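Peer 1: Once you've had a glance at the structure underneath, I'll fire off some questions.
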Amino acid sequence: MPTQKKKKVALVFTGAVSLGSFEAGVAYEIIRYLNETENPELDVDVIVGTSAGALTGALTALALVFGIDPGLLEEAWMSVRLEDLLKLNPCDRSLLSSSKVESLIARYIQPPASEFARPRTIDKKIEFVAVVTNLNGIRYRILRGKDEEFSISAIGYEDAFKFRIGPGFSDWEKLRTAVRASSAYPAAFEHKTVLRADHEFRRLARYNFAQKTEKAFHYADGGIVNNQPLNRAIEVVNDLPADDRETSLEMGNERVFLVIDPSPPEGDPIHREGFSVFNVVSRAVWTIPRNQTLYKDLLLLEKVNRRIMWKNSFVSTLAGIWNSLRITEEQSRAFDKLCQEVARFKGKTILGVEPDAYLETEKKRIRNAYRSEIASVTDADSFVKYCFLLEQVADLRNKQQVTVEMISPLDPEKELAGVIFGNFGGFLDAGFIKHDFNVGRTYALRWLKKETEMSRLVRCTEKHVPARVQRKVFQKLLDNSIPLLVEEIGPRLFAGRGDLAQEAPRLLNLLGMFVAGLAKYLVRKALFQSKKICSSIPPKN
């Protein structure tokens, strides 16, 4: 009986704050389908999450690996309440309680109890990545070609924690730390300090560890630098073990990247009267940087897909004329020299693998990838070397044609309750979280059933957020912000520096004007958006 073809799926959970409950609803239906279907057409092997998506992604990986009831995702998100987050512990240094978030993560990311896990017939493994923002920055330097001196350096801030979660997984504390770091929303939650090992950074370790084996880095919300980490998922797929990739290709499995985004950006027409100062600031420092990544990824994917088509067509054409070509000994030696040079850089410098071992692995992969073409040529060894160099020069090593799909609400403003208060609105009421969770389930069922109704709004009812609740939230946020301002500004004002003491009144006056203007803007924004959805009919099972 022939082996059933599967659609290999890489899940991408974007940053969403309380709208992560929508993502959890989508994950719920996907997990339930995979756990309850005898021969599912889908196979999730890669999960990447950032910010709130890191928690949902980690729970999804655990549910798939250990057969956990997907209701765990709903329970986890329903347990997050803004009322609790506003109650700070003495150790908290943020507007919301970071310690409560840590306790929630610790409660749900742990070895599964036997009563919640079902025995699996196969050993399931999932590559999971939590994207984070490295506040220290990761340094990289480029060498000069002639004298090998450092000529230029740059600092990047996107970082990630990588895990292979399987039945014997034991690195639970690090997984909890990664999820907590990825969801450290600026100001709302305190950043996370993590001790990292040099081997986690590969070739970048020599620029960042100063010959030490460990170093402490400070991390914040992954959505700051990559709120829609499709590119990370593609990197993980490209770095999957060669045997897994080749087996999947031989079986004819299709690869799909499924992006789950509860609030995809919409291009708004620019009206001069519609953009206040704070509108512009909000877009400049938040909206635009968070949404630019996916835009660039999709443009790049289109180029890569075309190049792969051209490359495959070129190799097939070259195989047809290869036997009529004459490769001299000098040309063969030039091939060998260039192959060694590439292997030294790609293998030794980047991956830490001996050049000869790297080259042999790549030759084996190419023989499997172009099996029919190689069978038709006489000088197969030179042909393999040529294909190796072609892929390296075109930067198409291990790359496959990529299909990207997305599950998102058609109109988040009309369908989701949590879009108010900067997407924190879902935490105002358990009914809001439940509603957004059900909307996610609805869209996931449509996607799984390949329905054409993805463009139909979810029917729902509306409800006002009580004014007293809004006042209470703003008052509590103000109360929590005062200690932070005192801790930050107080020591500097009274440090004995004359210039600062003279400038203090003017600076405080400007700060007061700014805070008052910002408060008025936020209040108007919240009141204007206060009429939102709070309940809906749960999707039919």
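Residue numbering restarts at 1 in every chain; chains get A, B, ... in the order shown in the structure tokens, and ligands count up from 1 in that same order.
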Report as a list of chain:residue names all protein, DNA and RNA residues lying within 10 Å of Asp43 of chain A, evaluated on only C-alpha atoms, omitting residues in the same chain fewer than 4 positions from it.
Peer 2: A:Lys6, A:Lys7, A:Lys8, A:Val9, A:Ala10, A:Leu34, A:Leu64, A:Lys124, A:Asn253, A:Arg255
Peer 1: Keeping only C-alpha atoms, write the selected residues as a PDB file, in the first residue's frame.
Peer 2:
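Listed below is the output, result.pdb:
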```pdb
ATOM      1  CA  LYS A   6       1.054  14.702   3.597  1.00  0.00           C
ATOM      2  CA  LYS A   7       1.049  18.453   3.660  1.00  0.00           C
ATOM      3  CA  LYS A   8       3.990  19.407   5.884  1.00  0.00           C
ATOM      4  CA  VAL A   9       2.939  22.497   7.810  1.00  0.00           C
ATOM      5  CA  ALA A  10       5.062  25.142   9.511  1.00  0.00           C
ATOM      6  CA  LEU A  34      -4.470  15.993  14.085  1.00  0.00           C
ATOM      7  CA  LEU A  64       0.944  17.656  19.440  1.00  0.00           C
ATOM      8  CA  LYS A 124       6.504  13.029  17.254  1.00  0.00           C
ATOM      9  CA  ASN A 253       5.007  15.908   0.460  1.00  0.00           C
ATOM     10  CA  ARG A 255       5.360  22.238   2.263  1.00  0.00           C
TER      11      ARG A 255
END
```
Peer 1: Could you list, as a ChimeraX atom specification, every residue within 9 Å of Thr403 of chain A, counting only C-alpha atoms and ignoring same-chain residues fewer than 6 positions away?
Peer 2: /A:254-258,301
Peer 1: Counting only C-alpha atoms, which residue out of A:Tyr219, A:Phe209, A:Phe427, A:Phe169 sits closest to His191 of chain A?
Peer 2: A:Tyr219
Peer 1: Residues near Trp447 of chain A, anyone? I mean within 12 Å using only C-alpha atoms, not counting same-chain ones fewer than 2 positions away, as a PyMOL selection string.
Peer 2: chain A and resi 26-27+29-30+33+258+260+405-409+440-445+449-455
Peer 1: Run DSSP on the backbone and give me the residues of segment 203-249 of chain A it puts in alpha helix (DSSP H), as a list in words.
Peer 2: Ala205, Arg206, Tyr207, Asn208, Leu230, Asn231, Arg232, Ala233, Ile234, Glu235, Val236, Val237, Asn238, Ala242, Asp243, Asp244, Arg245, Glu246, Thr247, Ser248 and Leu249 of chain A
Peer 1: Mind checking which residues fall within 8 Å of Ala343 of chain A, counting only C-alpha atoms, ignoring those fewer than 3 positions away in the same chain, and posting them as a VMD selection string?
Peer 2: chain A and resid 339 to 340 346 to 348 355 to 356 358 to 359
Peer 1: Just checking: using only C-alpha atoms, which residue out of A:Leu294, A:Leu204, A:Val129, A:Ala210 ends up closest to Ile142 of chain A?
Peer 2: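 Smallest distance to Ile142 of chain A is found for A:Leu204.
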Peer 1: Would you compute the distance between atom CA of Gly352 of chain A and atom CA of Asn398 of chain A? Give it in Å to one decimal.
Peer 2: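 Taking atom CA of Gly352 of chain A as the start and atom CA of Asn398 of chain A as the end point, the length is 17.9 Å.
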Peer 1: Please measure the separation of atom CA of Ala24 of chain A and atom CA of Asp123 of chain A, giving the value in Å to one decimal.
Peer 2: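 For atom CA of Ala24 of chain A relative to atom CA of Asp123 of chain A, the distance reads 24.0 Å.
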Peer 1: How close does segment 183-264 of chain A get to segment 91-99 of chain A? List, as a Markdown table, each residue of segment 183-264 of chain A within 10 Å, its nearest atom pair and the distance in Å to one decimal, counting only C-alpha atoms.
Peer 2:
```
| residue | atom | partner | partner_atom | distance |
| --- | --- | --- | --- | --- |
| A:Ser183 | CA | A:Ser98 | CA | 9.9 |
| A:Ala184 | CA | A:Ser98 | CA | 8.1 |
| A:Tyr185 | CA | A:Leu96 | CA | 9.8 |
| A:Pro186 | CA | A:Ser94 | CA | 8.7 |
| A:Ala187 | CA | A:Ser94 | CA | 5.7 |
| A:Ala188 | CA | A:Leu95 | CA | 4.8 |
| A:Phe189 | CA | A:Ser94 | CA | 5.1 |
| A:Glu190 | CA | A:Ser94 | CA | 5.4 |
| A:His191 | CA | A:Ser98 | CA | 8.8 |
| A:Lys192 | CA | A:Ser98 | CA | 9.6 |
```
Peer 1: If we count only C-alpha atoms, what is near Pro229 of chain A at a cut-off of 7 Å, once residues fewer than 3 positions away on the same chain are taken out, given as an NGL selection string?
Peer 2: :A and (12 or 14 or 226 or 232-233)
Peer 1: With C-alpha atoms retained, could you export that selection as a PDB file, in the first residue's frame?
Peer 2:
```pdb
ATOM      1  CA  VAL A  12       3.733  30.901  12.388  1.00  0.00           C
ATOM      2  CA  THR A  14       2.400  36.375  15.249  1.00  0.00           C
ATOM      3  CA  ASN A 226       9.781  40.619  14.048  1.00  0.00           C
ATOM      4  CA  ARG A 232      12.350  32.463  10.838  1.00  0.00           C
ATOM      5  CA  ALA A 233      10.072  29.566   9.955  1.00  0.00           C
TER       6      ALA A 233
END
```
Peer 1: Need the shell around Glu36 of chain A: protein/DNA/RNA residues with any atom at most 12 Å away, counting only C-alpha atoms. Skip same-chain ones fewer than 2 positions apart. Format as a PDB file with C-alpha atoms, in the first residue's frame?
Peer 2:
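Produced file selection39.pdb, reproduced below:
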```
ATOM      1  CA  TYR A  28      -7.256  24.269  19.119  1.00  0.00           C
ATOM      2  CA  GLU A  29      -8.966  23.094  15.937  1.00  0.00           C
ATOM      3  CA  ILE A  30      -5.711  22.127  14.203  1.00  0.00           C
ATOM      4  CA  ILE A  31      -4.599  20.076  17.227  1.00  0.00           C
ATOM      5  CA  ARG A  32      -8.002  18.432  17.541  1.00  0.00           C
ATOM      6  CA  TYR A  33      -7.966  17.516  13.848  1.00  0.00           C
ATOM      7  CA  LEU A  34      -4.470  15.993  14.085  1.00  0.00           C
ATOM      8  CA  GLU A  38      -6.874   8.510  11.866  1.00  0.00           C
ATOM      9  CA  ASN A  39      -4.817   9.462   8.790  1.00  0.00           C
ATOM     10  CA  PRO A  40      -4.605  13.257   8.749  1.00  0.00           C
ATOM     11  CA  LEU A  64       0.944  17.656  19.440  1.00  0.00           C
ATOM     12  CA  GLY A  67      -1.235  14.141  22.848  1.00  0.00           C
ATOM     13  CA  ILE A  68      -2.523  16.727  25.330  1.00  0.00           C
ATOM     14  CA  ASP A  69      -6.163  17.837  25.201  1.00  0.00           C
ATOM     15  CA  PRO A  70      -6.196  21.102  23.177  1.00  0.00           C
ATOM     16  CA  ARG A 118      -2.714  10.337  25.542  1.00  0.00           C
ATOM     17  CA  ARG A 120       1.129   8.363  20.915  1.00  0.00           C
TER      18      ARG A 120
END
```
Peer 1: Could you tell me how far atom CA of Arg307 of chain A sits from atom CA of Ala394 of chain A, in Å to one decimal place?
Peer 2: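 Atom CA of Arg307 of chain A lies at a distance of 8.2 Å from atom CA of Ala394 of chain A.
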Peer 1: Which one is closest to Tyr157 of chain A: A:Ala220, A:Glu127, A:Ala178, A:Pro111? Count only C-alpha atoms.
Peer 2: A:Ala220
